[in-house]
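J.: Got a structure here, written out as structure tokens. Questions coming.
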Amino acid sequence: MKIGFVVQRYGEDIIGGAEYHCRLIVKYLKPHFDIEVFTSKAKDYITWKDYYRDKITYIDGVKVNRFPVSKKRNPVKFGKIQHKVFEKEHTEKDELKWIEEEGPNLPKLIKEIKRREEEFDFFIFFSFRYYHSFHGIKSLPQKSILVPTAEPDPTLYLKVFRPVFNLPRAIVYNSWEEKRIINLYSDNYGVPGDVVGVGSEIPYEYNENRFRKKYGIEDKFLLYIGRIDKNKGVDHLFDFFQKYKKENNDNLKLVLIGKEVYPIPEDEDIVYVGAVSDEDKFDALAASEILMMPSFYESLSMVTIESWALRKPVIVNGGCPVLKDQVVRSGGGLYYNDYFEFKEALEYILNNKKIYDKMGEKGRIFYEENYTWNRIVEKYLKLIEKVGEKRWKIST
């Protein structure tokens with residue numbers, strides 16, 4: 001069986017998000033299928049400016065077809081149309097304009113997968129909100145599988161996307177919460193689908209002392225891993241942590257890993273180590289007390305799964321339905337909705353060793369039951385086999 005993966009960006013130097021999610025799925029499904037990737041030449045998701053030169057490259061032994069972006073995004077223009085469709089009365093034409101401005105505009109990619117349609121059994125599209133998924137699924141509905149990576153933000157409720165969720169042969173959801181929201185919004189209960197998510201690559205060895213020595217961190221610390229961005233909720237994480245420190249005379253630190261987009265407060269208790277290797281990341285998780293996830297919008301947090309794999313409790317933003325649902329179902333942490341709950345969650349976990357260990361163990365069990373790569377691959381194979389059989393029956 002031959003499968004094409006269609007995604008907005010793709011590269012070994014693109015870490016995190018749906019793009020990294022896609023690359024991991026490709027890697028683990030490669031032994032089972034003949035796979036090609038179709039993507040843009042862009043690296044920057046703000047402007048979608050062409051970056052990669054080669055039309056064809058190979059990553060992890062998989063052919064990657066790259067296409068030029070026909071129209072770079074103008075952030076100012078995009079901001080104006082987004083303000084209109086998210087906050088004001090507007091038409092379907094306005095929403096279609098939003099998709100065009102959202103990008104990346106890849107008409108040559110759409111034309112190519114349509115031209116090569118007969119070569120492939122399925123095309124798996126990542127991220128519903130982008131040009132390639134919207135137009136690609138509408139062009140090849142009978143051969144489309146969608147991985148929405150949907151967050152409960154205003155994009156999900158644009159009217160133009162409602163029929164798109166009813167077109168694919170199947171949908172691969174990241175969480176039960178994502179599935180519930182999409183089902184309710186689009187009434188696509190008849191489309192086959194499963195909650196799959198993505199696995200985590202957990203190393204056999206990690207060393208908390210190695211991380212502490214490398215970065216000169218001796219005290220206990222909370223850990224944040226991800227883009228240092230207001231959209232990820234780091235502003236209120238900083239506010240809540242600093243308020244907590246004023247009320248508690250202890251040596252607890254907040255360590256940040258990731259690219260800085262939002263200003264980090266100048267505070268001796270907030271330690272920024274920048275972007276790090278996977279080895280450093282897992283060493284940091286091993287050394288940390290608790291992983292903090294302050295984001296309001298997530299379809300699935302891979303680092304939360306990785307934290308649970310290392311038996312580390314997680315405290316998440318209760319305003320994010322996906323994260324809240326996962327800590328409730330797993331028992332691997334707590335959620336907060338305001339500063340009082342933030343403080344109570346911290347103190348409850350940090351001051352109760354039995355509770356701490358129990359949450360860590362429940363998180364590990366949740367990871368093993370749902371997010372090992374054997375389990376992820378098994379779900380993909382079963383779903384593809386299921387819809388493949390239906391398609392062959394229809395075609396005959």
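Just so we're on the same page: first chain in the structure tokens is A, next is B, and so on; residues restart at 1 for each chain, and ligands are numbered from 1 in the order they show up.
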Skipping near chain neighbours, those fewer than 2 positions away, what residues fall within 12 Å of Asn370 of chain A using only C-alpha atoms, listed as an MDAnalysis selection string?
T.: chainID A and resid 174:176 195:200 305 308:309 326 329:330 363:368 372:379
J.: Write out, as a Markdown table, each residue of segment 31-138 of chain A that has an atom at most 12 Å from segment 381-387 of chain A, together with the closest pair of atoms and their distance in Å to one decimal, counting only C-alpha atoms, rows going by chain and rising number.
T.:
| residue | atom | partner | partner_atom | distance |
| --- | --- | --- | --- | --- |
| A:Pro31 | CA | A:Leu381 | CA | 11.4 |
| A:His32 | CA | A:Leu381 | CA | 8.5 |
| A:Phe33 | CA | A:Leu381 | CA | 9.9 |
| A:Asp121 | CA | A:Ile384 | CA | 9.8 |
| A:Phe122 | CA | A:Ile384 | CA | 8.7 |
| A:Phe123 | CA | A:Ile384 | CA | 10.9 |
| A:Ile124 | CA | A:Ile384 | CA | 10.3 |
J.: Env of Tyr45 of chain A: 10 Å cut, atoms = only C-alpha atoms, seq-sep filter 6 positions within chain, self excluded. Answer as a list of chain:residue names.
T.: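 Near Tyr45 of chain A, the qualifying residues are A:Gln8, A:Arg9, A:Arg73, A:Glu102, A:Gly103, A:Pro104.
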J.: Write the selection just made, keeping C-alpha atoms, as an mmCIF file, in the first residue's frame?
T.:
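Contents of part_33.cif, as written:
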data_model
loop_
_atom_site.group_PDB
_atom_site.id
_atom_site.type_symbol
_atom_site.label_atom_id
_atom_site.label_comp_id
_atom_site.auth_asym_id
_atom_site.auth_seq_id
_atom_site.Cartn_x
_atom_site.Cartn_y
_atom_site.Cartn_z
ATOM 1 C CA GLN A 8 2.584 22.394 5.805
ATOM 2 C CA ARG A 9 6.292 22.113 6.731
ATOM 3 C CA ARG A 73 1.809 35.700 4.148
ATOM 4 C CA GLU A 102 -3.409 31.600 6.483
ATOM 5 C CA GLY A 103 -1.556 29.626 3.826
ATOM 6 C CA PRO A 104 0.789 28.202 2.938
#
J.: Considering only C-alpha atoms, return as a PDB file with C-alpha atoms, in the first residue's frame whatever protein or nucleic-acid residues lie within 10 Å of Tyr206 of chain A, sequence-local ones (same chain, fewer than 3 positions apart) excluded.
T.:
ATOM      1  CA  ILE A 202      11.652   7.780  25.443  1.00  0.00           C
ATOM      2  CA  PRO A 203      15.399   7.150  25.748  1.00  0.00           C
ATOM      3  CA  ASN A 209      22.729  15.139  37.537  1.00  0.00           C
ATOM      4  CA  ARG A 210      24.090  15.632  34.019  1.00  0.00           C
ATOM      5  CA  PHE A 211      21.491  18.349  33.388  1.00  0.00           C
ATOM      6  CA  ASP A 278      16.636  15.653  23.284  1.00  0.00           C
ATOM      7  CA  GLU A 279      19.205  14.328  25.746  1.00  0.00           C
ATOM      8  CA  ASP A 280      19.083  17.579  27.716  1.00  0.00           C
ATOM      9  CA  LYS A 281      15.281  17.640  27.554  1.00  0.00           C
ATOM     10  CA  PHE A 282      14.865  14.217  29.109  1.00  0.00           C
ATOM     11  CA  ASP A 283      17.614  14.920  31.631  1.00  0.00           C
ATOM     12  CA  ALA A 284      15.684  18.082  32.576  1.00  0.00           C
ATOM     13  CA  LEU A 285      12.440  16.123  32.953  1.00  0.00           C
ATOM     14  CA  ALA A 286      14.227  13.621  35.171  1.00  0.00           C
ATOM     15  CA  ALA A 287      15.641  16.425  37.320  1.00  0.00           C
ATOM     16  CA  LEU A 310       9.288   9.485  33.377  1.00  0.00           C
TER      17      LEU A 310
END
J.: Counting only C-alpha atoms, what is within 9 Å of segment 333-346 of chain A, bar same-chain residues fewer than 5 positions away, as a VMD selection string?
T.: chain A and resid 236 239 to 241 243 to 244 290 312 to 319 323 to 324 326 to 328 351 356 359 to 360 362 to 363
J.: Write out, as a PDB file, in the first residue's frame, the residues just selected, with C-alpha atoms.
T.:
ATOM      1  CA  HIS A 236       0.241  33.994  33.461  1.00  0.00           C
ATOM      2  CA  ASP A 239       2.763  36.008  37.046  1.00  0.00           C
ATOM      3  CA  PHE A 240       1.536  33.076  39.118  1.00  0.00           C
ATOM      4  CA  PHE A 241       5.017  31.716  39.807  1.00  0.00           C
ATOM      5  CA  LYS A 243       3.374  35.640  43.167  1.00  0.00           C
ATOM      6  CA  TYR A 244       3.868  32.175  44.639  1.00  0.00           C
ATOM      7  CA  ILE A 290       6.689  18.997  38.129  1.00  0.00           C
ATOM      8  CA  LYS A 312       6.620  13.105  36.682  1.00  0.00           C
ATOM      9  CA  PRO A 313       3.327  14.787  37.688  1.00  0.00           C
ATOM     10  CA  VAL A 314       1.978  17.597  35.505  1.00  0.00           C
ATOM     11  CA  ILE A 315       0.053  20.758  36.383  1.00  0.00           C
ATOM     12  CA  VAL A 316      -1.985  22.112  33.468  1.00  0.00           C
ATOM     13  CA  ASN A 317      -4.206  25.047  32.604  1.00  0.00           C
ATOM     14  CA  GLY A 318      -7.800  24.064  33.335  1.00  0.00           C
ATOM     15  CA  GLY A 319      -8.878  26.438  30.571  1.00  0.00           C
ATOM     16  CA  LEU A 323      -5.090  19.046  28.968  1.00  0.00           C
ATOM     17  CA  LYS A 324      -7.713  19.109  31.712  1.00  0.00           C
ATOM     18  CA  GLN A 326      -6.016  14.155  30.171  1.00  0.00           C
ATOM     19  CA  VAL A 327      -4.960  14.869  33.754  1.00  0.00           C
ATOM     20  CA  VAL A 328      -8.428  13.856  34.974  1.00  0.00           C
ATOM     21  CA  ASN A 351       4.255  18.519  50.097  1.00  0.00           C
ATOM     22  CA  TYR A 356       3.505  12.711  44.217  1.00  0.00           C
ATOM     23  CA  MET A 359       0.452  10.619  40.356  1.00  0.00           C
ATOM     24  CA  GLY A 360       3.762   9.772  38.729  1.00  0.00           C
ATOM     25  CA  LYS A 362      -0.604   6.760  37.193  1.00  0.00           C
ATOM     26  CA  GLY A 363       0.940   8.972  34.533  1.00  0.00           C
TER      27      GLY A 363
END
J.: Excluding Lys143 of chain A and residues on its chain fewer than 5 positions from it, collect all residues at most 12 Å away from it, counting only C-alpha atoms, and give them as a ChimeraX atom specification.
T.: /A:2-5,113-114,116-125,136-138,167-171,384,387-388,390-392,395
